[in-house]
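Worksheet for the structure shown next.
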Amino acid sequence: MSEADRRVVVLVSGGPDGPRPRVHPADAPLLLADDLAAVRGDGCFETLLVVGGVPAKPERHLARLARSSAALGLTGPSDEQWRAGIALAAREWGPDSEAMLRLVLSRGPERGGAETAYITVAPVGAHARRARAEGIAVTTLSRGFPADLAEASPWMLLGSKTLSYAANMAALRHAAAGGFDDVVYLSAEGEVLEGPRSTVVVARGGELVSPPAEVGILEGTTLAALAEIAGAEGVPVRRERLLVTDLLAADAVWLLSSVTLAARVRRIDDVTLPPAEPPVDVAGMVDRAVGRA
Ligand code: PLP
């Protein structure tokens, strides 16, 4: 089997061994056909980077998973059970190559029964490595929602990392068909929201600015880890509503996420951004935040 095909699967709950996580053969089926994750996208997930066999910022991911689970009315394994599962999965993967470790919590079979919780580990894809090294071209796409939808309609689960990512994947395919690497979503009013799997951050003078969670976006764990390091180095990270014109006028723009880390935006639709070195070394700070430097 090639490295690109290597997978590790760990069952965290729902198995005959009860709460103790155990390795599951990576090529054997795990879910029942009517699992609500498969038929409704009804569940939540997290994706962590594993560097040198060490999962990056696990506590931030567990805290967000707990918030997503609560918003969905799911119980999920305890943090202790997840931690044991993460440790087992990372150990099985080993220290030699960077990996993407996914925690998945489903409502379980439609016929009734326990929630399904499991972990998968896979190699970091070539597109992520290319985005880190070369940067990306993005297109702006409307999500069609007003920026106050999250508060007005909490059942839309806008701040939760649910398994219902089909629209995000469609947006990325739409972007790719137009020759773009990624997407920046806009609200109905034209406010900058987030990427389908990333947080937007800009450098402006000596500070970093990112849209606030209240516009209906996922709170990024990479942004939070960056903010901690940047703050300690005297670089404030402010949360402020942004328009596309703010992105075009910024010193630099990045999409941040746990696996791709910091992808410098080189082009927004048909506008090429200035290539100058950014005033803040965001990529270096993110690398340090996840233990890569
Ligand atoms: N926004 C969305 C919609 C995402 O899917 C992700 C990725 O998980 C992010 C933002 C960035 O979050 P994180 O930095 O925790 O990976």
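In the structure tokens, the first chain shown is A, the next is B, and so on; residue numbers restart at 1 for each chain, and ligands run from 1 in the order shown.
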
Exercise. Using only C-alpha atoms, which residues sit within 6 Å of Arg107 (chain A) once same-chain residues fewer than 4 positions away are excluded, as a list of chain:residue names?
Worked result: A:Leu36, A:Gly43, A:Glu115

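Using only C-alpha atoms and all ligand atoms as the basis for the distance check, residues found within 6 Å of ligand 1 are Glu194, Gly195, Pro196, Arg197, Ser198, Thr199, Leu218, Gly220, Thr221, Thr222, Leu223, Leu256, Ser257 and Ser258 of chain A.
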
Seminar exercise, completed: Residue with the minimum atom-to-atom distance to Thr140 (chain A), picked from A:Arg264, A:Lys161, A:His174, A:Arg7 with only C-alpha atoms counted, is A:His174

Problem set entry | Non-local contacts of region 125-139 of chain A (6 Å; only C-alpha atoms; under 4 positions in same chain excluded) as an MDAnalysis selection string | chainID A and resid 180:183 260 263:269

For the residues selected in the previous step, produce a file with all heavy atoms as a compact mmCIF listing (two decimals), in the first residue's frame.
```
# COMPACT_ATOMS: atom_id res chain seq x y z
N PHE A 180 -9.82 28.43 -9.55
CA PHE A 180 -9.43 28.93 -8.22
C PHE A 180 -9.14 27.76 -7.28
O PHE A 180 -9.66 26.66 -7.45
CB PHE A 180 -10.56 29.78 -7.64
CG PHE A 180 -10.81 31.05 -8.41
CD1 PHE A 180 -11.81 31.09 -9.39
CD2 PHE A 180 -10.05 32.18 -8.19
CE1 PHE A 180 -12.03 32.23 -10.13
CE2 PHE A 180 -10.27 33.34 -8.93
CZ PHE A 180 -11.26 33.37 -9.90
N ASP A 181 -8.30 28.06 -6.26
CA ASP A 181 -7.93 27.04 -5.29
C ASP A 181 -8.91 26.97 -4.12
O ASP A 181 -9.00 25.95 -3.44
CB ASP A 181 -6.54 27.34 -4.70
CG ASP A 181 -5.50 27.47 -5.78
OD1 ASP A 181 -5.31 26.49 -6.51
OD2 ASP A 181 -4.89 28.56 -5.90
N ASP A 182 -9.57 28.10 -3.84
CA ASP A 182 -10.40 28.13 -2.63
C ASP A 182 -11.44 29.23 -2.76
O ASP A 182 -11.51 29.93 -3.79
CB ASP A 182 -9.52 28.31 -1.38
CG ASP A 182 -10.03 27.52 -0.20
OD1 ASP A 182 -11.25 27.58 0.06
OD2 ASP A 182 -9.23 26.86 0.49
N VAL A 183 -12.22 29.39 -1.69
CA VAL A 183 -13.39 30.28 -1.69
C VAL A 183 -13.37 31.16 -0.46
O VAL A 183 -12.97 30.71 0.62
CB VAL A 183 -14.68 29.41 -1.66
CG1 VAL A 183 -15.92 30.26 -1.44
CG2 VAL A 183 -14.82 28.58 -2.93
N THR A 260 -4.13 22.78 6.50
CA THR A 260 -3.36 23.58 5.53
C THR A 260 -2.54 24.64 6.26
O THR A 260 -1.53 25.12 5.73
CB THR A 260 -4.32 24.22 4.49
OG1 THR A 260 -5.02 23.16 3.85
CG2 THR A 260 -3.56 25.01 3.45
N ALA A 263 -2.44 29.69 4.42
CA ALA A 263 -2.31 29.76 2.95
C ALA A 263 -2.43 31.23 2.55
O ALA A 263 -3.48 31.85 2.74
CB ALA A 263 -3.40 28.93 2.29
N ARG A 264 -1.34 31.79 2.05
CA ARG A 264 -1.35 33.21 1.64
C ARG A 264 -2.21 33.36 0.39
O ARG A 264 -2.04 32.61 -0.59
CB ARG A 264 0.10 33.63 1.34
CG ARG A 264 0.26 35.05 0.84
CD ARG A 264 0.56 36.03 1.94
NE ARG A 264 0.66 37.39 1.41
CZ ARG A 264 1.79 38.02 1.11
NH1 ARG A 264 2.95 37.41 1.32
NH2 ARG A 264 1.77 39.26 0.65
N VAL A 265 -3.12 34.32 0.43
CA VAL A 265 -3.99 34.56 -0.73
C VAL A 265 -3.23 35.45 -1.72
O VAL A 265 -2.84 36.57 -1.39
CB VAL A 265 -5.31 35.21 -0.30
CG1 VAL A 265 -6.19 35.51 -1.51
CG2 VAL A 265 -6.06 34.29 0.68
N ARG A 266 -3.03 34.94 -2.93
CA ARG A 266 -2.28 35.67 -3.96
C ARG A 266 -3.20 36.43 -4.90
O ARG A 266 -2.78 37.39 -5.54
CB ARG A 266 -1.43 34.68 -4.79
CG ARG A 266 -0.46 33.85 -3.96
CD ARG A 266 0.67 34.70 -3.46
NE ARG A 266 1.63 33.94 -2.66
CZ ARG A 266 2.62 34.50 -1.99
NH1 ARG A 266 2.79 35.81 -1.99
NH2 ARG A 266 3.44 33.76 -1.28
N ARG A 267 -4.44 35.92 -5.05
CA ARG A 267 -5.37 36.55 -5.99
C ARG A 267 -6.78 36.40 -5.46
O ARG A 267 -7.13 35.35 -4.91
CB ARG A 267 -5.24 35.86 -7.37
CG ARG A 267 -6.11 36.46 -8.46
CD ARG A 267 -5.59 36.08 -9.85
NE ARG A 267 -5.60 34.64 -10.11
CZ ARG A 267 -6.62 33.99 -10.68
NH1 ARG A 267 -7.71 34.62 -11.04
NH2 ARG A 267 -6.53 32.69 -10.89
N ILE A 268 -7.57 37.49 -5.57
CA ILE A 268 -8.99 37.42 -5.21
C ILE A 268 -9.79 37.74 -6.47
O ILE A 268 -9.69 38.86 -7.00
CB ILE A 268 -9.34 38.41 -4.08
CG1 ILE A 268 -8.52 38.11 -2.82
CG2 ILE A 268 -10.84 38.37 -3.78
CD1 ILE A 268 -8.75 39.06 -1.67
N ASP A 269 -10.54 36.77 -6.96
CA ASP A 269 -11.23 36.89 -8.25
C ASP A 269 -10.22 37.36 -9.31
O ASP A 269 -9.22 36.68 -9.50
CB ASP A 269 -12.48 37.77 -8.11
CG ASP A 269 -13.53 37.06 -7.24
OD1 ASP A 269 -13.73 35.84 -7.44
OD2 ASP A 269 -14.12 37.68 -6.35
```

Problem set entry | Nearest to Val8 (chain A) by atom-to-atom distance, counting only C-alpha atoms, from A:Arg83, A:Arg64, A:Arg102, A:Arg20 | A:Arg102

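Going from CA of Ala122 (chain A) to CA of Ser106 (chain A) covers 19.5 Å.
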
For this session: Name the residues in contact with Ile86 (chain A) at a cut-off of 12 Å, using only C-alpha atoms, excluding same-chain residues fewer than 4 positions from it; report them as a ChimeraX atom specification.
Result: /A:8-12,20-23,46-50,53-59,61-62,79-82,90-93,100-104,117-121

Could those selected residues go to a file with C-alpha atoms, as a short mmCIF file (atom, residue, chain, number, x, y, z; two decimals), in the first residue's frame?
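And here is the file that came out, result_17.cif:
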```cif
data_model
loop_
_atom_site.label_atom_id
_atom_site.label_comp_id
_atom_site.auth_asym_id
_atom_site.auth_seq_id
_atom_site.Cartn_x
_atom_site.Cartn_y
_atom_site.Cartn_z
CA VAL A 8 -5.74 4.39 10.64
CA VAL A 9 -9.22 3.98 12.14
CA VAL A 10 -10.01 3.96 15.85
CA LEU A 11 -13.47 3.25 17.24
CA VAL A 12 -14.03 5.42 20.29
CA ARG A 20 -12.25 1.76 25.61
CA PRO A 21 -10.99 2.96 22.19
CA ARG A 22 -9.73 0.26 19.89
CA VAL A 23 -8.11 0.09 16.48
CA GLU A 46 -13.03 18.00 14.07
CA THR A 47 -9.85 17.79 12.02
CA LEU A 48 -6.46 17.99 13.76
CA LEU A 49 -2.98 18.06 12.32
CA VAL A 50 -0.53 15.43 13.62
CA GLY A 53 3.30 11.85 15.89
CA VAL A 54 1.96 14.62 18.17
CA PRO A 55 -1.62 15.91 17.68
CA ALA A 56 -1.67 19.73 17.49
CA LYS A 57 -3.84 21.81 19.87
CA PRO A 58 -6.12 18.88 20.88
CA GLU A 59 -7.75 20.75 23.75
CA HIS A 61 -10.53 20.88 19.16
CA LEU A 62 -12.13 19.00 22.05
CA ASP A 79 -13.02 14.27 26.72
CA GLU A 80 -11.06 11.51 28.49
CA GLN A 81 -12.31 8.91 25.99
CA TRP A 82 -11.53 11.18 23.04
CA ALA A 90 -1.53 9.05 16.72
CA ARG A 91 0.56 6.15 18.08
CA GLU A 92 -0.75 3.83 15.35
CA TRP A 93 0.10 6.45 12.72
CA MET A 100 -4.83 14.69 9.28
CA LEU A 101 -6.69 13.20 12.23
CA ARG A 102 -10.47 13.45 12.15
CA LEU A 103 -12.80 13.02 15.13
CA VAL A 104 -16.31 12.05 14.01
CA ALA A 117 -17.81 7.99 17.52
CA TYR A 118 -14.61 7.22 15.68
CA ILE A 119 -11.30 8.64 14.51
CA THR A 120 -9.60 8.40 11.14
CA VAL A 121 -6.00 9.32 10.28
#
```

Problem set entry | All residues 10 Å or closer to Val282 (chain A), only C-alpha atoms, same chain fewer than 6 positions away omitted, as JSON, numbers by chain | {"A": [201, 202, 203, 208, 226, 227, 229, 230, 252, 253, 254, 256, 261, 262, 263, 264, 288]}

For this session: If you run DSSP over the backbone, which residues in region 214-286 of chain A end up strand (DSSP E or B)? Put them as a PyMOL selection string.
Result: chain A and resi 237-239+243+252-257+261-268+271-272

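Distance-wise, CA of Ala171 (chain A) and CA of Ile217 (chain A) end up 15.8 Å apart.
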
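Of the listed residues (A:Pro25, A:Pro146, A:Pro95, A:Gly159), A:Gly159 comes nearest to Ser69 (chain A); the distances count only C-alpha atoms.
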
For this session: List every residue of region 178-289 of chain A that DSSP, applied to the backbone of this structure, assigns to helix (DSSP H, G or I), and report them as a VMD selection string.
Result: chain A and resid 213 to 215 221 to 232 244 to 249 282 to 289

Written file, previous selection with N, CA and C atoms, as a PDB file, in the first residue's frame:
```pdb
ATOM      1  N   ALA A 213     -17.046  36.043  15.277  1.00  0.00           N
ATOM      2  CA  ALA A 213     -17.897  34.839  15.209  1.00  0.00           C
ATOM      3  C   ALA A 213     -19.357  35.188  14.998  1.00  0.00           C
ATOM      4  N   GLU A 214     -19.787  36.376  15.458  1.00  0.00           N
ATOM      5  CA  GLU A 214     -21.227  36.708  15.401  1.00  0.00           C
ATOM      6  C   GLU A 214     -21.755  36.810  13.966  1.00  0.00           C
ATOM      7  N   VAL A 215     -20.884  36.872  12.959  1.00  0.00           N
ATOM      8  CA  VAL A 215     -21.398  36.907  11.578  1.00  0.00           C
ATOM      9  C   VAL A 215     -21.776  35.506  11.080  1.00  0.00           C
ATOM     10  N   THR A 221      -9.799  27.241  15.405  1.00  0.00           N
ATOM     11  CA  THR A 221      -8.798  26.929  16.441  1.00  0.00           C
ATOM     12  C   THR A 221      -7.414  27.421  16.014  1.00  0.00           C
ATOM     13  N   THR A 222      -7.163  27.496  14.704  1.00  0.00           N
ATOM     14  CA  THR A 222      -5.862  27.983  14.231  1.00  0.00           C
ATOM     15  C   THR A 222      -5.750  29.480  14.513  1.00  0.00           C
ATOM     16  N   LEU A 223      -6.849  30.218  14.268  1.00  0.00           N
ATOM     17  CA  LEU A 223      -6.847  31.651  14.577  1.00  0.00           C
ATOM     18  C   LEU A 223      -6.609  31.861  16.076  1.00  0.00           C
ATOM     19  N   ALA A 224      -7.268  31.058  16.906  1.00  0.00           N
ATOM     20  CA  ALA A 224      -7.117  31.220  18.363  1.00  0.00           C
ATOM     21  C   ALA A 224      -5.674  30.949  18.787  1.00  0.00           C
ATOM     22  N   ALA A 225      -5.067  29.905  18.200  1.00  0.00           N
ATOM     23  CA  ALA A 225      -3.670  29.587  18.553  1.00  0.00           C
ATOM     24  C   ALA A 225      -2.728  30.672  18.035  1.00  0.00           C
ATOM     25  N   LEU A 226      -3.017  31.197  16.834  1.00  0.00           N
ATOM     26  CA  LEU A 226      -2.214  32.296  16.290  1.00  0.00           C
ATOM     27  C   LEU A 226      -2.336  33.528  17.191  1.00  0.00           C
ATOM     28  N   ALA A 227      -3.564  33.824  17.629  1.00  0.00           N
ATOM     29  CA  ALA A 227      -3.799  35.025  18.445  1.00  0.00           C
ATOM     30  C   ALA A 227      -2.992  34.961  19.733  1.00  0.00           C
ATOM     31  N   GLU A 228      -2.879  33.741  20.299  1.00  0.00           N
ATOM     32  CA  GLU A 228      -2.119  33.614  21.547  1.00  0.00           C
ATOM     33  C   GLU A 228      -0.647  33.973  21.316  1.00  0.00           C
ATOM     34  N   ILE A 229      -0.078  33.428  20.250  1.00  0.00           N
ATOM     35  CA  ILE A 229       1.342  33.675  19.955  1.00  0.00           C
ATOM     36  C   ILE A 229       1.551  35.125  19.520  1.00  0.00           C
ATOM     37  N   ALA A 230       0.670  35.625  18.641  1.00  0.00           N
ATOM     38  CA  ALA A 230       0.819  36.996  18.144  1.00  0.00           C
ATOM     39  C   ALA A 230       0.705  37.986  19.302  1.00  0.00           C
ATOM     40  N   GLY A 231      -0.274  37.742  20.179  1.00  0.00           N
ATOM     41  CA  GLY A 231      -0.469  38.638  21.324  1.00  0.00           C
ATOM     42  C   GLY A 231       0.770  38.708  22.189  1.00  0.00           C
ATOM     43  N   ALA A 232       1.403  37.538  22.410  1.00  0.00           N
ATOM     44  CA  ALA A 232       2.611  37.497  23.251  1.00  0.00           C
ATOM     45  C   ALA A 232       3.760  38.244  22.578  1.00  0.00           C
ATOM     46  N   VAL A 244     -14.941  43.010   1.071  1.00  0.00           N
ATOM     47  CA  VAL A 244     -13.930  42.579   0.095  1.00  0.00           C
ATOM     48  C   VAL A 244     -12.914  43.706  -0.138  1.00  0.00           C
ATOM     49  N   THR A 245     -13.387  44.944  -0.122  1.00  0.00           N
ATOM     50  CA  THR A 245     -12.454  46.072  -0.315  1.00  0.00           C
ATOM     51  C   THR A 245     -11.389  46.086   0.787  1.00  0.00           C
ATOM     52  N   ASP A 246     -11.742  45.626   1.999  1.00  0.00           N
ATOM     53  CA  ASP A 246     -10.739  45.557   3.081  1.00  0.00           C
ATOM     54  C   ASP A 246      -9.696  44.484   2.763  1.00  0.00           C
ATOM     55  N   LEU A 247     -10.130  43.387   2.147  1.00  0.00           N
ATOM     56  CA  LEU A 247      -9.155  42.344   1.774  1.00  0.00           C
ATOM     57  C   LEU A 247      -8.204  42.888   0.706  1.00  0.00           C
ATOM     58  N   LEU A 248      -8.777  43.612  -0.273  1.00  0.00           N
ATOM     59  CA  LEU A 248      -7.946  44.119  -1.380  1.00  0.00           C
ATOM     60  C   LEU A 248      -6.972  45.193  -0.884  1.00  0.00           C
ATOM     61  N   ALA A 249      -7.352  45.921   0.166  1.00  0.00           N
ATOM     62  CA  ALA A 249      -6.499  47.013   0.664  1.00  0.00           C
ATOM     63  C   ALA A 249      -5.505  46.531   1.723  1.00  0.00           C
ATOM     64  N   VAL A 282       2.820  35.529   9.738  1.00  0.00           N
ATOM     65  CA  VAL A 282       1.696  34.682  10.174  1.00  0.00           C
ATOM     66  C   VAL A 282       2.032  33.200   9.987  1.00  0.00           C
ATOM     67  N   ALA A 283       2.629  32.846   8.849  1.00  0.00           N
ATOM     68  CA  ALA A 283       2.928  31.418   8.606  1.00  0.00           C
ATOM     69  C   ALA A 283       3.887  30.893   9.668  1.00  0.00           C
ATOM     70  N   GLY A 284       4.902  31.691  10.019  1.00  0.00           N
ATOM     71  CA  GLY A 284       5.867  31.270  11.042  1.00  0.00           C
ATOM     72  C   GLY A 284       5.198  31.110  12.403  1.00  0.00           C
ATOM     73  N   MET A 285       4.312  32.055  12.730  1.00  0.00           N
ATOM     74  CA  MET A 285       3.614  31.977  14.026  1.00  0.00           C
ATOM     75  C   MET A 285       2.709  30.737  14.077  1.00  0.00           C
ATOM     76  N   VAL A 286       2.007  30.468  12.978  1.00  0.00           N
ATOM     77  CA  VAL A 286       1.119  29.296  12.970  1.00  0.00           C
ATOM     78  C   VAL A 286       1.952  28.020  13.077  1.00  0.00           C
ATOM     79  N   ASP A 287       3.085  27.975  12.375  1.00  0.00           N
ATOM     80  CA  ASP A 287       3.972  26.793  12.477  1.00  0.00           C
ATOM     81  C   ASP A 287       4.377  26.560  13.932  1.00  0.00           C
ATOM     82  N   ARG A 288       4.726  27.643  14.616  1.00  0.00           N
ATOM     83  CA  ARG A 288       5.126  27.477  16.025  1.00  0.00           C
ATOM     84  C   ARG A 288       3.930  27.024  16.863  1.00  0.00           C
ATOM     85  N   ALA A 289       2.753  27.556  16.539  1.00  0.00           N
ATOM     86  CA  ALA A 289       1.554  27.209  17.321  1.00  0.00           C
ATOM     87  C   ALA A 289       1.246  25.712  17.229  1.00  0.00           C
TER      88      ALA A 289
END
```
